[in-house]
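Next up, entry.pdb (PDB, C-alpha atoms, pLDDT in the B column):
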ATOM      1  CA  MET A   1       0.000   0.000   0.000  1.00 43.00           C
ATOM      2  CA  LYS A   2       1.361   3.409  -0.906  1.00 56.00           C
ATOM      3  CA  ASN A   3       1.366   6.320   1.491  1.00 60.00           C
ATOM      4  CA  CYS A   4      -0.150   9.538   0.192  1.00 60.00           C
ATOM      5  CA  TYR A   5       2.783  11.893   0.558  1.00 62.00           C
ATOM      6  CA  LYS A   6       2.961  14.956  -1.642  1.00 76.00           C
ATOM      7  CA  ARG A   7       6.509  15.620  -0.447  1.00 79.00           C
ATOM      8  CA  LEU A   8       8.230  12.453   0.749  1.00 83.00           C
ATOM      9  CA  PRO A   9       9.727  12.634   4.261  1.00 86.00           C
ATOM     10  CA  LEU A  10      13.394  12.043   3.495  1.00 92.00           C
ATOM     11  CA  GLU A  11      16.488  12.839   5.535  1.00 93.00           C
ATOM     12  CA  GLY A  12      18.765  13.738   2.633  1.00 94.00           C
ATOM     13  CA  ALA A  13      16.532  15.381   0.030  1.00 90.00           C
ATOM     14  CA  TYR A  14      14.172  18.195   0.864  1.00 85.00           C
ATOM     15  CA  ASN A  15      12.232  18.348  -2.355  1.00 88.00           C
ATOM     16  CA  LEU A  16      11.318  14.844  -3.514  1.00 91.00           C
ATOM     17  CA  ARG A  17       7.643  15.132  -4.311  1.00 90.00           C
ATOM     18  CA  ASP A  18       4.843  13.376  -6.117  1.00 91.00           C
ATOM     19  CA  LEU A  19       3.776  15.090  -9.333  1.00 93.00           C
ATOM     20  CA  GLY A  20       0.262  13.711  -9.028  1.00 92.00           C
ATOM     21  CA  GLY A  21      -2.715  15.982  -8.556  1.00 91.00           C
ATOM     22  CA  TYR A  22      -1.709  18.734 -10.948  1.00 92.00           C
ATOM     23  CA  PRO A  23      -4.192  19.989 -13.561  1.00 95.00           C
ATOM     24  CA  ALA A  24      -3.817  18.420 -16.999  1.00 95.00           C
ATOM     25  CA  SER A  25      -5.489  19.037 -20.334  1.00 95.00           C
ATOM     26  CA  GLY A  26      -9.157  18.273 -20.771  1.00 96.00           C
ATOM     27  CA  GLY A  27      -9.970  18.989 -17.146  1.00 96.00           C
ATOM     28  CA  LYS A  28      -8.025  15.936 -16.026  1.00 96.00           C
ATOM     29  CA  MET A  29      -5.424  15.592 -13.304  1.00 95.00           C
ATOM     30  CA  THR A  30      -2.001  13.930 -13.302  1.00 94.00           C
ATOM     31  CA  GLN A  31      -1.989  10.557 -11.540  1.00 94.00           C
ATOM     32  CA  TYR A  32      -0.515  10.118  -8.092  1.00 90.00           C
ATOM     33  CA  HIS A  33       2.367   7.668  -7.480  1.00 88.00           C
ATOM     34  CA  VAL A  34       3.540   7.654 -11.108  1.00 92.00           C
ATOM     35  CA  PHE A  35       6.089  10.478 -11.440  1.00 93.00           C
ATOM     36  CA  TYR A  36       8.223  12.188  -8.800  1.00 93.00           C
ATOM     37  CA  ARG A  37      10.789  14.961  -9.015  1.00 94.00           C
ATOM     38  CA  SER A  38      13.678  15.504  -6.674  1.00 93.00           C
ATOM     39  CA  ASP A  39      16.818  17.285  -5.667  1.00 90.00           C
ATOM     40  CA  CYS A  40      20.023  15.950  -4.090  1.00 92.00           C
ATOM     41  CA  LEU A  41      19.697  12.184  -4.537  1.00 96.00           C
ATOM     42  CA  HIS A  42      23.403  11.946  -3.696  1.00 96.00           C
ATOM     43  CA  ARG A  43      22.510  12.934  -0.119  1.00 96.00           C
ATOM     44  CA  LEU A  44      19.973  10.177   0.502  1.00 97.00           C
ATOM     45  CA  SER A  45      20.509   7.928   3.485  1.00 96.00           C
ATOM     46  CA  GLU A  46      20.050   4.188   3.449  1.00 96.00           C
ATOM     47  CA  ALA A  47      16.638   4.715   5.090  1.00 95.00           C
ATOM     48  CA  ASP A  48      15.716   7.178   2.322  1.00 96.00           C
ATOM     49  CA  TRP A  49      16.588   4.666  -0.403  1.00 96.00           C
ATOM     50  CA  SER A  50      14.573   2.016   1.427  1.00 95.00           C
ATOM     51  CA  LEU A  51      11.552   4.346   1.517  1.00 93.00           C
ATOM     52  CA  LEU A  52      11.843   4.950  -2.242  1.00 94.00           C
ATOM     53  CA  GLN A  53      11.975   1.200  -2.733  1.00 94.00           C
ATOM     54  CA  GLN A  54       8.870   0.741  -0.534  1.00 92.00           C
ATOM     55  CA  MET A  55       7.074   3.453  -2.518  1.00 89.00           C
ATOM     56  CA  GLY A  56       7.587   1.341  -5.631  1.00 92.00           C
ATOM     57  CA  ILE A  57       9.990   3.685  -7.421  1.00 94.00           C
ATOM     58  CA  LYS A  58      11.758   1.630 -10.095  1.00 96.00           C
ATOM     59  CA  THR A  59      13.369   4.193 -12.419  1.00 97.00           C
ATOM     60  CA  ILE A  60      15.305   7.437 -12.040  1.00 97.00           C
ATOM     61  CA  ILE A  61      15.832   9.716 -15.023  1.00 96.00           C
ATOM     62  CA  ASP A  62      18.820  11.859 -14.097  1.00 96.00           C
ATOM     63  CA  LEU A  63      18.714  15.116 -16.065  1.00 96.00           C
ATOM     64  CA  ARG A  64      21.940  16.511 -14.645  1.00 95.00           C
ATOM     65  CA  SER A  65      24.997  17.118 -16.823  1.00 96.00           C
ATOM     66  CA  SER A  66      27.845  14.575 -16.892  1.00 96.00           C
ATOM     67  CA  ASP A  67      29.961  16.922 -14.764  1.00 97.00           C
ATOM     68  CA  GLU A  68      27.221  17.229 -12.144  1.00 96.00           C
ATOM     69  CA  GLN A  69      26.786  13.477 -12.067  1.00 96.00           C
ATOM     70  CA  GLU A  70      30.520  12.978 -11.545  1.00 96.00           C
ATOM     71  CA  MET A  71      30.640  15.557  -8.730  1.00 97.00           C
ATOM     72  CA  GLN A  72      27.583  14.158  -6.917  1.00 96.00           C
ATOM     73  CA  PRO A  73      27.281  10.427  -7.650  1.00 97.00           C
ATOM     74  CA  TYR A  74      24.817   8.034  -6.051  1.00 96.00           C
ATOM     75  CA  CYS A  75      24.067   4.339  -6.354  1.00 95.00           C
ATOM     76  CA  CYS A  76      20.446   3.246  -6.576  1.00 96.00           C
ATOM     77  CA  GLU A  77      20.865  -0.224  -8.103  1.00 96.00           C
ATOM     78  CA  PRO A  78      21.107  -2.076  -4.744  1.00 96.00           C
ATOM     79  CA  TYR A  79      17.518  -0.945  -4.109  1.00 96.00           C
ATOM     80  CA  GLY A  80      16.203  -2.283  -7.420  1.00 96.00           C
ATOM     81  CA  ILE A  81      16.070   1.192  -8.954  1.00 97.00           C
ATOM     82  CA  THR A  82      17.516   1.763 -12.436  1.00 98.00           C
ATOM     83  CA  ARG A  83      19.045   5.119 -13.332  1.00 97.00           C
ATOM     84  CA  TYR A  84      19.080   6.578 -16.831  1.00 97.00           C
ATOM     85  CA  SER A  85      21.084   9.663 -17.781  1.00 93.00           C
TER
END
Encoding of this model in structure tokens:
Amino acid sequence: MKNCYKRLPLEGAYNLRDLGGYPASGGKMTQYHVFYRSDCLHRLSEADWSLLQQMGIKTIIDLRSSDEQEMQPYCCEPYGITRYS
């Protein structure tokens, strides 16, 4: 069962939030628990990664530059999460 967090309660990232509930075309709304956006994944604790895993997050699309990724790396694979750059 998924918790209904808008902003997930993490120790290392202050702005990981669900993008569900926003207005979409045709009077619709974006779905909850489908897409999230975040800052500072390199600061996540082990407990934070476990929470992401429990929330069912399977994929991270990292939009940072190569230089940013090198300066602030993180490893999500042990939690069953795949990262794409």
Proximity to A:Arg37 - best of A:Gly12, A:Gly56, A:Pro78, A:Gly20, only C-alpha atoms: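 So, comparing all the options, the nearest one is A:Gly20.
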With distances taken over only C-alpha atoms, the candidate from A:Met71, A:Cys76, A:Ile81, A:Leu41 nearest A:Lys58 is A:Ile81
Name every residue that the PyMOL selection byres ((chain A and resi 6) around 10) selects in this structure, writing the answer as a PyMOL selection string with chains first and numbers rising. chain A and resi 3-5+7-9+15-21+32-33+36
| Can you list what the PyMOL selection byres ((chain A and resi 11) around 10) grabs from this structure, as a list in words? |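 Selected by the PyMOL selection byres ((chain A and resi 11) around 10) here: Leu8, Pro9, Leu10, Gly12, Ala13, Tyr14, Arg43, Leu44, Ser45, Glu46, Ala47 and Asp48 of chain A.
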- Would you write out, as a list of chain:residue names, every residue that the PyMOL selection byres ((chain A and resi 82) around 12) captures in this file?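 The output of the PyMOL selection byres ((chain A and resi 82) around 12) on this file is A:Gln53, A:Ile57, A:Lys58, A:Thr59, A:Ile60, A:Ile61, A:Asp62, A:Tyr74, A:Cys75, A:Cys76, A:Glu77, A:Pro78, A:Tyr79, A:Gly80, A:Ile81, A:Arg83, A:Tyr84, A:Ser85.
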Can you measure atom CA of A:Arg64 to atom CA of A:Ser38 for me? One decimal in Å is fine.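 Distance reported for this atom pair: 11.5 Å.
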Find the smallest box with edges along x, y and z containing every listed atom of stretch 45-54 of chain A, then add 5 Å on each side and report centre and edge lengths in Å to one decimal, as lines of an AutoDock Vina configuration file.
center_x = 14.7
center_y = 4.3
center_z = 1.2
size_x = 21.6
size_y = 17.2
size_z = 17.8
* Asked: If you measure from atom CA of A:His42 to atom CA of A:Pro73, what distance in Å do you get, rounded to one decimal?
  ->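 So the two atoms, atom CA of A:His42 and atom CA of A:Pro73, lie 5.7 Å apart.
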